[in-house]
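Data block below; observations after.
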There are 2 protein chains.
Amino acid sequence: MGKQSMDLMRGTLDLLILKILSAGSLHGYEISKRIREQTEAEIFVEEGALYPALRRMEERNWLTSEWGISSNNREVKFYLLSSEGKRQLKEQSAQWDRYVRAMDCVLKAARSMA
Amino acid sequence: MGKQSMDLMRGTLDLLILKILSAGSLHGYEISKRIREQTEAEIFVEEGALYPALRRMEERNWLTSEWGISSNNREVKFYLLSSEGKRQLKEQSAQWDRYVRAMDCVLKAARSMA
DNA sequence: TTCTTATACCTAAAAACATTATGCATAAGA
DNA sequence: TCTTATGCATAATGTTTTTAGGTATAAGAA
């Protein structure tokens with residue numbers, strides 16, 4: 001993703017992809033477009049990050065893929081969430097929530113000094 | 001930090017340290033203890049991550065440091081937020097908030113399919 | 001028809017950072 | 001005296017992102 005957001009995206013890319021795919025199978029380019037759109041461009045996945053991530057997740061059996069034709073009449077590779085992928089989505093979502101809460105504990109703490 | 005939280009800590013370590021130090025100068029070991037305590041052990045910074053991070057941040061002039069004596073009567077290195085560090089804290093806090101909101105846009109979206 | 005843009009896939013080199021595994025040293029209490 | 005907690009630090013390794021390329025096609029503009 002763009003470095004506009006520090007390194008925050010580390011570890012969240014998989015979660016984003018899993019979540020986006022939970023709405024149904026999509027091809028890579030479309031996944032990236034949806035992340036950009038749904039986050040109002042706050043999060044932008046570089047292609048060099050996207051495609052390796054998809055391969056990685058497929059290797060780990062979180063996704064399956066097959067070639068098909070897009071609505072644009074182009075050859076594209078569709079990715080589909082596996083049952084393990086659904087499990088991962090659930091687990092990583094919970095982990096993210098816990099992490100955000102933990103960050104809040106520190107960030108929302110009153111400063112005792114200036 | 002512990003891998004218990006995926007790779008989520010990437011990019012948040014600096015922010016955590018900056019925030020912790022905004023309460024006043026502390027030494028490294030104490031910084032790590034406070035992060036662990038305040039997050040109820042959800043986030044744990046490994047020493048191999050902590051000390052390089054402190055050096056990095058000092059090089060970037062976000063922190064200054066000086067040797068002193070801890071309340072335990074031990075020689076320790078105290079870190080102090082610089083004005084640039086305060087600026088960074090403000091900026092990275094805002095960035096983190098934006099990122100969390102962006103993640104929410106995706107994660108809280110209704111799934112159109114099972 | 002040719003040019004440009006958006007779409008769509010992919011990989012390799014480099015950089016950045018965390019984890020893991022060390023090492024060293026001292027204070028305090030058992 | 002031994003162990004534990006405190007406290008600093010670095011090196012090797014691994015993972016992932018960024019950057020920077022490469023290829024190809026469909027559609028619309030010039």
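Following the order of the structure tokens, chains are lettered A, B, ..., residues in each are numbered from 1, and ligands are numbered from 1.
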
>> What are the residues of chain B lining chain D at 8 Å or less? Count only C-alpha atoms (C1' of nucleotides), and put the answer as a VMD selection string.
In response: chain B and resid 29 51 75 to 76

Can you list every residue of chain B that has an atom at most 10 Å from chain C, with its nearest atom pair and the distance in Å to one decimal, using only C-alpha atoms (C1' of nucleotides), ordered by chain then number, as JSON lines?
```
{"residue": "B:Met1", "atom": "CA", "partner": "C:DA18", "partner_atom": "C1'", "distance": 7.3}
{"residue": "B:Gly2", "atom": "CA", "partner": "C:DT19", "partner_atom": "C1'", "distance": 8.2}
{"residue": "B:Lys3", "atom": "CA", "partner": "C:DT19", "partner_atom": "C1'", "distance": 8.1}
{"residue": "B:Asp7", "atom": "CA", "partner": "C:DA18", "partner_atom": "C1'", "distance": 8.3}
{"residue": "B:Met9", "atom": "CA", "partner": "C:DA18", "partner_atom": "C1'", "distance": 8.8}
{"residue": "B:Arg10", "atom": "CA", "partner": "C:DC17", "partner_atom": "C1'", "distance": 7.2}
{"residue": "B:Gly11", "atom": "CA", "partner": "C:DC17", "partner_atom": "C1'", "distance": 8.7}
{"residue": "B:Val45", "atom": "CA", "partner": "C:DA18", "partner_atom": "C1'", "distance": 9.6}
{"residue": "B:Glu46", "atom": "CA", "partner": "C:DT19", "partner_atom": "C1'", "distance": 8.1}
{"residue": "B:Glu47", "atom": "CA", "partner": "C:DT19", "partner_atom": "C1'", "distance": 9.9}
{"residue": "B:Gly48", "atom": "CA", "partner": "C:DT19", "partner_atom": "C1'", "distance": 7.6}
{"residue": "B:Ala49", "atom": "CA", "partner": "C:DA18", "partner_atom": "C1'", "distance": 6.2}
{"residue": "B:Leu50", "atom": "CA", "partner": "C:DA18", "partner_atom": "C1'", "distance": 9.8}
{"residue": "B:Pro52", "atom": "CA", "partner": "C:DC17", "partner_atom": "C1'", "distance": 9.6}
{"residue": "B:Ala53", "atom": "CA", "partner": "C:DC17", "partner_atom": "C1'", "distance": 9.2}
{"residue": "B:Asn72", "atom": "CA", "partner": "C:DA27", "partner_atom": "C1'", "distance": 8.0}
{"residue": "B:Asn73", "atom": "CA", "partner": "C:DA27", "partner_atom": "C1'", "distance": 8.1}
{"residue": "B:Arg74", "atom": "CA", "partner": "C:DT26", "partner_atom": "C1'", "distance": 7.7}
{"residue": "B:Glu75", "atom": "CA", "partner": "C:DT26", "partner_atom": "C1'", "distance": 9.2}
```

Residues from last step as file, all heavy atoms, as a short mmCIF file (atom, residue, chain, number, x, y, z; two decimals), in the first residue's frame:
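Printed below is out35.cif as written:
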```cif
data_model
loop_
_atom_site.label_atom_id
_atom_site.label_comp_id
_atom_site.auth_asym_id
_atom_site.auth_seq_id
_atom_site.Cartn_x
_atom_site.Cartn_y
_atom_site.Cartn_z
N MET B 1 7.70 -6.59 18.93
CA MET B 1 6.61 -7.01 19.79
C MET B 1 6.29 -8.47 19.53
O MET B 1 6.71 -9.04 18.54
CB MET B 1 5.37 -6.17 19.51
CG MET B 1 5.69 -4.71 19.30
SD MET B 1 4.22 -3.72 19.07
CE MET B 1 4.95 -2.21 18.52
N GLY B 2 5.54 -9.04 20.38
CA GLY B 2 5.26 -10.46 20.23
C GLY B 2 4.48 -10.72 18.96
O GLY B 2 3.69 -9.88 18.55
N LYS B 3 4.69 -11.86 18.34
CA LYS B 3 4.00 -12.13 17.09
C LYS B 3 2.55 -12.51 17.33
O LYS B 3 1.81 -12.82 16.41
CB LYS B 3 4.74 -13.20 16.28
CG LYS B 3 4.62 -14.61 16.80
CD LYS B 3 4.78 -15.60 15.65
CE LYS B 3 5.25 -16.97 16.09
NZ LYS B 3 6.65 -17.19 15.93
N ASP B 7 1.41 -8.94 12.32
CA ASP B 7 2.46 -7.99 12.00
C ASP B 7 1.95 -6.59 12.27
O ASP B 7 2.50 -5.61 11.81
CB ASP B 7 2.84 -8.10 10.52
CG ASP B 7 4.29 -8.48 10.36
OD1 ASP B 7 5.10 -8.11 11.23
OD2 ASP B 7 4.61 -9.13 9.36
N MET B 9 2.06 -4.57 14.55
CA MET B 9 2.89 -3.56 15.23
C MET B 9 3.79 -2.78 14.30
O MET B 9 4.27 -1.73 14.67
CB MET B 9 3.74 -4.25 16.30
CG MET B 9 4.64 -5.33 15.75
SD MET B 9 3.72 -6.77 15.11
CE MET B 9 3.02 -7.39 16.63
N ARG B 10 3.97 -3.30 13.13
CA ARG B 10 4.79 -2.56 12.16
C ARG B 10 4.26 -1.16 11.99
O ARG B 10 3.12 -0.96 11.61
CB ARG B 10 4.76 -3.25 10.79
CG ARG B 10 5.53 -4.48 10.69
CD ARG B 10 6.93 -4.22 10.18
NE ARG B 10 7.65 -5.48 10.15
CZ ARG B 10 8.84 -5.62 9.61
NH1 ARG B 10 9.44 -4.59 9.07
NH2 ARG B 10 9.44 -6.77 9.64
N GLY B 11 5.07 -0.21 12.28
CA GLY B 11 4.63 1.15 12.08
C GLY B 11 3.94 1.75 13.28
O GLY B 11 3.74 2.96 13.32
N VAL B 45 6.79 -5.40 23.48
CA VAL B 45 7.90 -5.02 22.63
C VAL B 45 9.14 -5.83 22.98
O VAL B 45 9.65 -5.74 24.09
CB VAL B 45 8.24 -3.52 22.79
CG1 VAL B 45 9.29 -3.11 21.77
CG2 VAL B 45 6.99 -2.68 22.68
N GLU B 46 9.64 -6.60 22.03
CA GLU B 46 10.87 -7.34 22.23
C GLU B 46 12.03 -6.36 22.34
O GLU B 46 12.02 -5.30 21.73
CB GLU B 46 11.13 -8.28 21.04
CG GLU B 46 9.99 -9.21 20.69
CD GLU B 46 9.89 -10.37 21.67
OE1 GLU B 46 10.84 -10.58 22.44
OE2 GLU B 46 8.85 -11.04 21.65
N GLU B 47 13.05 -6.75 23.08
CA GLU B 47 14.20 -5.87 23.24
C GLU B 47 14.90 -5.63 21.91
O GLU B 47 15.42 -4.55 21.67
CB GLU B 47 15.17 -6.46 24.26
CG GLU B 47 14.58 -6.54 25.66
CD GLU B 47 15.61 -6.94 26.69
OE1 GLU B 47 16.47 -7.77 26.37
OE2 GLU B 47 15.56 -6.39 27.81
N GLY B 48 14.89 -6.67 21.07
CA GLY B 48 15.52 -6.55 19.76
C GLY B 48 14.79 -5.58 18.84
O GLY B 48 15.32 -5.17 17.81
N ALA B 49 13.59 -5.23 19.22
CA ALA B 49 12.84 -4.22 18.47
C ALA B 49 12.95 -2.87 19.16
O ALA B 49 13.06 -1.83 18.51
CB ALA B 49 11.38 -4.63 18.34
N LEU B 50 12.93 -2.90 20.47
CA LEU B 50 12.90 -1.67 21.25
C LEU B 50 14.16 -0.81 21.07
O LEU B 50 14.07 0.37 20.69
CB LEU B 50 12.75 -2.00 22.73
CG LEU B 50 12.82 -0.81 23.69
CD1 LEU B 50 11.58 0.05 23.54
CD2 LEU B 50 13.00 -1.28 25.12
N PRO B 52 16.79 -0.89 18.89
CA PRO B 52 16.98 -0.33 17.54
C PRO B 52 16.00 0.79 17.23
O PRO B 52 16.37 1.77 16.59
CB PRO B 52 16.76 -1.53 16.63
CG PRO B 52 17.13 -2.71 17.46
CD PRO B 52 16.69 -2.36 18.85
N ALA B 53 14.78 0.67 17.70
CA ALA B 53 13.78 1.71 17.44
C ALA B 53 14.19 3.01 18.13
O ALA B 53 14.08 4.09 17.54
CB ALA B 53 12.41 1.26 17.94
N ASN B 72 15.79 2.67 40.73
CA ASN B 72 16.38 1.43 41.26
C ASN B 72 17.86 1.55 41.53
O ASN B 72 18.53 0.56 41.82
CB ASN B 72 16.20 0.28 40.24
CG ASN B 72 14.77 -0.13 40.12
OD1 ASN B 72 13.95 0.23 40.95
ND2 ASN B 72 14.48 -0.88 39.09
N ASN B 73 18.36 2.77 41.35
CA ASN B 73 19.79 2.99 41.56
C ASN B 73 20.65 2.27 40.52
O ASN B 73 21.70 1.71 40.82
CB ASN B 73 20.18 2.57 42.98
CG ASN B 73 21.57 3.07 43.35
OD1 ASN B 73 21.97 4.17 42.95
ND2 ASN B 73 22.31 2.26 44.07
N ARG B 74 20.17 2.29 39.27
CA ARG B 74 20.94 1.64 38.21
C ARG B 74 21.21 2.64 37.10
O ARG B 74 20.42 3.55 36.85
CB ARG B 74 20.16 0.45 37.66
CG ARG B 74 19.71 -0.49 38.76
CD ARG B 74 19.28 -1.79 38.21
NE ARG B 74 20.35 -2.40 37.46
CZ ARG B 74 20.48 -3.70 37.31
NH1 ARG B 74 19.61 -4.51 37.85
NH2 ARG B 74 21.47 -4.19 36.61
N GLU B 75 22.34 2.41 36.42
CA GLU B 75 22.68 3.30 35.31
C GLU B 75 21.77 2.99 34.12
O GLU B 75 21.78 1.87 33.61
CB GLU B 75 24.14 3.10 34.90
CG GLU B 75 25.04 4.25 35.34
CD GLU B 75 26.33 4.24 34.57
OE1 GLU B 75 27.13 3.31 34.76
OE2 GLU B 75 26.54 5.15 33.75
#
```

> Between atom CA of Ser83 of chain A and atom CA of Glu58 of chain A, what is the distance, to one decimal in Å?
Replying inline: 12.2 Å

>> Within 8 Å of chain A, which residues belong to chain B? Use only C-alpha atoms and report them as a PyMOL selection string.
In response: chain B and resi 5-12+16+19-20+22-24+35+38-40+42-43+93+95-96+98-100+102-103+105-107+111-114

> When DSSP works through the backbone of this structure, what residues of segment 9-79 of chain B end up as strand (DSSP E or B), shown as a VMD selection string?
Replying inline: chain B and resid 26 to 27 63 to 69 75 to 79

Could you please take those selected residues and save N, CA, C and O atoms as a tab-separated table (two decimals), in the first residue's frame?
```
chain	number	residue	atom	x	y	z
B	26	LEU	N	11.82	8.71	30.05
B	26	LEU	CA	11.90	7.37	30.63
B	26	LEU	C	13.07	6.63	30.01
B	26	LEU	O	13.54	7.01	28.94
B	27	HIS	N	13.51	5.57	30.63
B	27	HIS	CA	14.53	4.74	30.01
B	27	HIS	C	13.87	3.58	29.29
B	27	HIS	O	12.69	3.27	29.51
B	63	LEU	N	13.95	12.13	19.40
B	63	LEU	CA	14.28	11.95	20.82
B	63	LEU	C	15.69	12.45	21.08
B	63	LEU	O	16.52	12.51	20.19
B	64	THR	N	15.92	12.80	22.34
B	64	THR	CA	17.29	12.99	22.82
B	64	THR	C	17.47	12.01	23.97
B	64	THR	O	16.50	11.52	24.54
B	65	SER	N	18.71	11.73	24.31
B	65	SER	CA	18.96	10.77	25.39
B	65	SER	C	20.11	11.21	26.26
B	65	SER	O	21.00	11.94	25.81
B	66	GLU	N	20.08	10.77	27.48
B	66	GLU	CA	21.25	10.96	28.36
B	66	GLU	C	21.24	9.90	29.44
B	66	GLU	O	20.21	9.43	29.89
B	67	TRP	N	22.45	9.54	29.86
B	67	TRP	CA	22.60	8.52	30.89
B	67	TRP	C	22.28	9.14	32.25
B	67	TRP	O	22.55	10.31	32.50
B	68	GLY	N	21.67	8.33	33.08
B	68	GLY	CA	21.34	8.79	34.43
B	68	GLY	C	21.16	7.60	35.36
B	68	GLY	O	21.55	6.48	35.02
B	69	ILE	N	20.60	7.86	36.52
B	69	ILE	CA	20.40	6.80	37.51
B	69	ILE	C	18.89	6.59	37.70
B	69	ILE	O	18.15	7.54	37.93
B	75	GLU	N	22.34	2.41	36.42
B	75	GLU	CA	22.68	3.30	35.31
B	75	GLU	C	21.77	2.99	34.12
B	75	GLU	O	21.78	1.87	33.61
B	76	VAL	N	21.04	3.98	33.70
B	76	VAL	CA	20.11	3.78	32.60
B	76	VAL	C	20.18	4.97	31.64
B	76	VAL	O	20.70	6.03	31.97
B	77	LYS	N	19.67	4.74	30.45
B	77	LYS	CA	19.65	5.83	29.46
B	77	LYS	C	18.23	6.37	29.34
B	77	LYS	O	17.31	5.64	28.97
B	78	PHE	N	18.10	7.63	29.67
B	78	PHE	CA	16.78	8.27	29.60
B	78	PHE	C	16.54	8.88	28.24
B	78	PHE	O	17.44	9.50	27.66
B	79	TYR	N	15.34	8.71	27.74
B	79	TYR	CA	14.95	9.30	26.45
B	79	TYR	C	13.93	10.40	26.67
B	79	TYR	O	13.03	10.26	27.50
```

> What does the distance between atom CA of Glu91 of chain B and atom CA of Ser32 of chain A come to in Å, to one decimal place?
Replying inline: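 According to the coordinates, atom CA of Glu91 of chain B and atom CA of Ser32 of chain A are separated by 26.1 Å.
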
> If you measure from atom CA of Ala94 of chain A to atom CA of Phe44 of chain A, what distance in Å do you get, rounded to one decimal?
Replying inline: 22.7 Å

>> Among chain B, which residues does DSSP mark as helix (DSSP H, G or I) when it is run on the backbone? Keep the chain and numbering as in the structure and answer as a PyMOL selection string.
In response: chain B and resi 3-5+13-21+28-38+47-59+83-107

Just to be explicit: take each residue in the selection above, keep C-alpha atoms, and write the result as a short mmCIF file (atom, residue, chain, number, x, y, z; two decimals), in the first residue's frame.
```
data_model
loop_
_atom_site.label_atom_id
_atom_site.label_comp_id
_atom_site.auth_asym_id
_atom_site.auth_seq_id
_atom_site.Cartn_x
_atom_site.Cartn_y
_atom_site.Cartn_z
CA LYS B 3 4.00 -12.13 17.09
CA GLN B 4 0.76 -12.78 18.96
CA SER B 5 -0.57 -9.80 17.02
CA LEU B 13 6.02 0.96 17.59
CA ASP B 14 7.31 4.47 17.00
CA LEU B 15 3.92 5.94 17.79
CA LEU B 16 3.66 3.94 21.01
CA ILE B 17 7.10 5.08 22.16
CA LEU B 18 6.38 8.71 21.27
CA LYS B 19 3.12 8.62 23.21
CA ILE B 20 4.64 6.93 26.25
CA LEU B 21 7.42 9.50 26.31
CA GLY B 28 14.10 1.95 27.50
CA TYR B 29 13.27 -0.88 29.81
CA GLU B 30 10.63 1.23 31.51
CA ILE B 31 9.10 2.21 28.16
CA SER B 32 8.69 -1.44 27.27
CA LYS B 33 7.20 -2.22 30.68
CA ARG B 34 4.65 0.55 30.38
CA ILE B 35 3.54 -0.54 26.92
CA ARG B 36 3.09 -4.07 28.23
CA GLU B 37 1.21 -2.91 31.29
CA GLN B 38 -0.99 -0.32 29.64
CA GLU B 47 14.20 -5.87 23.24
CA GLY B 48 15.52 -6.55 19.76
CA ALA B 49 12.84 -4.22 18.47
CA LEU B 50 12.90 -1.67 21.25
CA TYR B 51 16.53 -0.60 21.31
CA PRO B 52 16.98 -0.33 17.54
CA ALA B 53 13.78 1.71 17.44
CA LEU B 54 15.07 4.11 20.09
CA ARG B 55 18.33 4.56 18.18
CA ARG B 56 16.45 5.09 14.95
CA MET B 57 14.22 7.71 16.50
CA GLU B 58 17.15 9.47 18.08
CA GLU B 59 18.92 9.57 14.73
CA SER B 83 9.95 19.22 19.61
CA GLU B 84 10.20 17.27 16.37
CA GLY B 85 9.16 14.22 18.35
CA LYS B 86 6.08 16.03 19.57
CA ARG B 87 5.27 17.00 16.02
CA GLN B 88 5.70 13.39 14.95
CA LEU B 89 3.45 12.22 17.75
CA LYS B 90 0.70 14.53 16.62
CA GLU B 91 1.08 13.55 12.99
CA GLN B 92 1.35 9.82 13.54
CA SER B 93 -1.59 9.86 15.94
CA ALA B 94 -3.74 11.47 13.30
CA GLN B 95 -2.46 8.99 10.72
CA TRP B 96 -3.29 6.08 12.99
CA ASP B 97 -6.81 7.41 13.57
CA ARG B 98 -7.35 7.80 9.86
CA TYR B 99 -6.08 4.31 9.23
CA VAL B 100 -8.34 2.76 11.85
CA ARG B 101 -11.31 4.58 10.39
CA ALA B 102 -10.36 3.36 6.91
CA MET B 103 -10.09 -0.21 8.15
CA ASP B 104 -13.49 0.17 9.73
CA CYS B 105 -14.97 1.18 6.38
CA VAL B 106 -13.96 -2.19 5.01
CA LEU B 107 -14.39 -4.37 8.05
#
```
